[in-house]
Each structure stands twice: as C-alpha cells, then as structure tokens.
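S.K.: Could you have a look at this structure, given as structure tokens, before my questions?
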Amino acid sequence: MTPVPTKADAEFFRKLKVLVVEDSAEMRRLLAALLESMGVKQIVEAHDGLKGLDAFVEHRPDIVITDGAMQPMDGYEMTRSMRAAGAAEGANPDVPILMISGHIGRESIVHARDQGVTDYLPKPLSASVLYEAIVAAVSKPIHFVETPGYRGPSPTRRLATRSAGDPAA
Amino acid sequence: MTDRSKKSHTGSKNETPPEVRFVRVPSIAERKLGTDYVAPMRLDPRVLDQMQTTIKGLEARYGDALREQLGTLLTLVEPACGGDTEARGRLYAIVHDMRGLAGTFGHPMVGRFANSLCGYIENAGARAWQDDTVFHFHLDAIREALESPGADPAITLETLNALQKLIAASTSARRHQG
C-alpha cells in the first residue's frame, strides 16, 4: 500500500455516488458504514434487484455494489439488465458493478462474469477487500465490449477468484 | 473515448455477425477529478484503519442481532420440518445472512456452521426438511460458538467435521430410503 494518498484521492470519495443493492438489513448497514468511513457521502440503498434497477436509472450511480442472491430479482439478472440498458434510457451501462456473494465456487464466478459483473468479492467481507476493490474499479480506465443488448466488461476475460480472507484484515 | 469496431468472422455467407465494438472510457476518477487526478489512486492506510474501527463498532450490535436470529431459528425448525414453506424460506434466509456476515463481525465459527447448514439445505433441496436432526445439531453448534467465541479452534473444527459426517449420514440414509 502506498502511504501517501493525494488530496484529490481523498476528495474523490466525497464526489462518488454508490448504489448498494442488498436484501440483508445488517449487510446494508455494514456497507453503508464502511462507505461512510471511506468518505463517501452519496449512498443510495435498494433492497433487491428490481428496486436496484429503478435506483440505477433514477440516481445514475458511479458504482454499484450488489448481493448475488436476492428475491424477486437477484444480482445476476439485475447486472445483465444494467448492461443491456441504453444510455438513452437515462442509465449508465458503463458503471462498475461489484458483486458480494457467499457463493465462491467457480461456477458462480463465471456466471457473474458472464452477466457483466466487474469484480466478485467473497463473503465474509473484509474492509481491505472492499476498499481495494472499489479503488481498483474507479481508478482504472474502463475497457468494454459493446454488442446489441450488451455493454460491459468482456465476458471472456478472467475474473479473479478471491478467497474469503481473514475478516479482521 | 476510443472506439475500435470489428465484425467477427463466422465463416458463413448467410449469417450476419453481430457488430462488436471495443470501447475505452476514462476511469471514474478521471471523470470526477479531471486534471487533479494523478494515477494510480493511492490506498490510504488511515481510511482502512477507520473502516476496521467501524466494523469493531458494529460488532456488539451485530452480536445482539445474532442472538435474536438464533432464537428465531429455533422456533422455525419444527414448522419448517413439518412442511411450512414460509418457515423454510425464513429459516434459510436467516442462515444465509449468518453465513455472509458472522465472519466479518468476529464470529468466524458461527459463519462456518451457518455455511455448513446452508450447503446442506442447498444440496438436499426439499429432502433436507425430512429430518430435523441436522438442523438442531447445527443450531446447537452456532449457540455454543456464540456463547464461547474464544473456544479452542481445534474443538470447533472437530464440531464442524462431526456436522459434515452427520450430513453425510443423513444424505446416505435418505438415498437408501429411495
């Protein structure tokens, strides 16, 4: 970790708008508290994929953090819909989407990648994993493929498998 | 934004391949900060410390929520194993929640026991609910882990192994019953 962040880095998080889509009230509380600790001031919360899609169009977030398993619409289907949304509909299909899931098998990760998930974070979530994933997602140029009905990360790219590390780390 | 377009080659004269465009857009940091942004963005150890303090601050509150959830689970086993689908859904949702959160808040063994029970429900499907033994043993283990968070890891791992053997025995018994 480089010990000297710039003033602009610190300022950045105050300008960031984050959409959190999560059906667990405890997890939403945790994510909101962690984002506030990072300096994020604009946090929009939604309880499931359908409400997440509405919030995505209404608030145009800079980054989306979503759970995988939710009812009635899960995070995978919501991601697919976000990637299929046209800019003309007021949405931003380029948005980085981080999925947090307890399912850390290869099949789940590949499925998430195929729907357009940017990064896949295992539960239990640690502060360092969340922080590093957000910084990585917002600080790198975004390379996308665009086909009819899809605009997002290449579905053929490798999506790294993170292990659920020490939660205290 | 750079834009490189290409048509994928399928080798068939009759097919019209979908157009694939490769797009590069500036990072969100570049868009938000403009020329003030100097890549790469640095990770700030003070921010990470603050995030960890936040988790510590939420731990006590989550411990109370966990005890409440455990109480609810104990009341749900009987109706769930008696065929109540709503109780099954609620029970699974709570255990799934524990699996995802307990480890973050300093209860890793609760998380592992919850993970074991979640896996059992997910793999066995409707047959999981035919016998309440697996549920009761898991909930006992979760209660034990909650009451003794500093317990010897070797003992808790032994409990986890015993639960896995119980699941295997239960699965095998159901298989023999057809």
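Chain labels follow the order of the structure tokens: the first chain is A, the next B, and so on; residue numbering restarts at 1 in every chain, and ligands are counted from 1 in their shown order.
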Counting only C-alpha atoms, a student should be able to say which residues of chain B come within 9 Å of chain A; what is the right answer, written as a VMD selection string?
M.R.: chain B and resid 18 to 30 32 to 33 36 to 55 58 62 65 93 96 to 97 99 to 106 108 111 115
S.K.: Per DSSP on the backbone, filter segment 31-166 of chain A down to the residues in strand (DSSP E or B) and report them as a PyMOL selection string.
M.R.: chain A and resi 42-46+63-67+97-101+119-122+142-147+150-152
S.K.: Kindly give the distance, in Å, that separates atom CA of Thr79 of chain A and atom CA of Arg90 of chain B, rounded to a single decimal.
M.R.: 25.3 Å
S.K.: So how far away is atom CA of Ile142 of chain B from atom CA of Gly75 of chain A, in Å?
M.R.: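 Distance between the two atoms: 28.2 Å.
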S.K.: Near Gln69 of chain B, within 10 Å and counting only C-alpha atoms, which residues show up once chain neighbours fewer than 2 positions away are dropped, as a list in words?
M.R.: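 These residues fall inside the cut-off: Gly63, Asp64, Ala65, Leu66, Arg67, Gly71, Thr72, Leu73, Leu74, Leu91, Ile94, Val95, Asp97 and Met98 of chain B.
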S.K.: Skip segment 146-160 of chain B itself and residues of its chain fewer than 2 positions away, then list as a ChimeraX atom specification all residues within 9 Å of it, counting only C-alpha atoms.
M.R.: /B:63,66-67,106-110,112-113,116,138,141-144,162-165
S.K.: Using the selection just defined, write its residues with C-alpha atoms as an mmCIF file, in the first residue's frame.
M.R.:
```
data_model
loop_
_atom_site.group_PDB
_atom_site.id
_atom_site.type_symbol
_atom_site.label_atom_id
_atom_site.label_comp_id
_atom_site.auth_asym_id
_atom_site.auth_seq_id
_atom_site.Cartn_x
_atom_site.Cartn_y
_atom_site.Cartn_z
ATOM 1 C CA GLY B 63 -23.822 -9.904 18.360
ATOM 2 C CA LEU B 66 -27.182 -12.831 16.013
ATOM 3 C CA ARG B 67 -28.670 -13.985 19.325
ATOM 4 C CA GLY B 106 -15.679 -11.604 14.586
ATOM 5 C CA HIS B 107 -17.756 -14.800 14.703
ATOM 6 C CA PRO B 108 -15.990 -16.918 12.071
ATOM 7 C CA MET B 109 -17.138 -20.238 13.535
ATOM 8 C CA VAL B 110 -20.768 -19.133 13.535
ATOM 9 C CA ARG B 112 -18.781 -21.711 9.162
ATOM 10 C CA PHE B 113 -21.573 -23.578 10.934
ATOM 11 C CA SER B 116 -22.464 -25.907 6.563
ATOM 12 C CA HIS B 138 -26.161 -27.054 13.663
ATOM 13 C CA ALA B 141 -23.147 -25.584 17.434
ATOM 14 C CA ILE B 142 -23.994 -21.983 16.498
ATOM 15 C CA ARG B 143 -25.265 -21.293 20.031
ATOM 16 C CA GLU B 144 -22.117 -22.824 21.505
ATOM 17 C CA ALA B 162 -18.897 -34.021 13.094
ATOM 18 C CA LEU B 163 -21.631 -31.951 11.436
ATOM 19 C CA GLN B 164 -20.292 -32.873 7.999
ATOM 20 C CA LYS B 165 -20.386 -36.556 8.972
#
```
S.K.: According to DSSP computed on the backbone, where in chain B is there helix (DSSP H, G or I)? Give the residues as a ChimeraX atom specification.
M.R.: /B:28-36,45-81,85-101,108-130,133-147,153-177
S.K.: Quick one: distance from atom CA of Glu78 of chain B to atom CA of Phe137 of chain B in Å, one decimal?
M.R.: 13.5 Å
S.K.: Given only C-alpha atoms as the basis, pick out the residue of A:Val117, A:Val40, A:Ala133, A:Met82 nearest to Arg157 of chain A.
M.R.: A:Val117
S.K.: Closest to Leu70 of chain B among B:Asp140, B:Glu122, B:Asp84, B:Asp131, using only C-alpha atoms?
M.R.: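 Ranked by minimum distance to Leu70 of chain B, first place goes to B:Asp140.
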S.K.: I'd like the neighbourhood of segment 51-59 of chain A as a tab-separated table (two decimals) with C-alpha atoms, in the first residue's frame, where a residue qualifies if any of its atoms comes within 9 Å (using only C-alpha atoms), though same-chain residues fewer than 5 positions away should be ignored.
M.R.:
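Output file result-v7.tsv is given in full below:
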```
chain	number	residue	atom	x	y	z
A	17	LYS	CA	-22.26	8.13	-5.69
A	19	LEU	CA	-25.72	2.27	-5.14
A	20	VAL	CA	-25.90	-0.59	-2.63
A	21	VAL	CA	-28.31	-3.41	-3.56
A	22	GLU	CA	-28.67	-5.89	-0.73
A	44	VAL	CA	-28.34	5.01	-2.36
A	45	GLU	CA	-29.78	1.78	-0.98
A	46	ALA	CA	-32.11	-0.75	-2.62
A	64	VAL	CA	-22.89	-0.42	-7.87
A	66	THR	CA	-24.72	-5.76	-5.07
A	73	MET	CA	-34.73	-10.35	-8.85
A	75	GLY	CA	-27.98	-9.53	-8.51
A	78	MET	CA	-30.03	-7.07	-12.33
A	79	THR	CA	-26.44	-6.81	-13.64
A	81	SER	CA	-30.30	-5.66	-17.21
A	82	MET	CA	-27.95	-2.81	-16.30
A	89	GLU	CA	-32.94	5.41	-21.11
A	90	GLY	CA	-31.05	7.65	-18.73
A	91	ALA	CA	-28.87	4.82	-17.47
A	92	ASN	CA	-25.12	4.38	-17.49
```
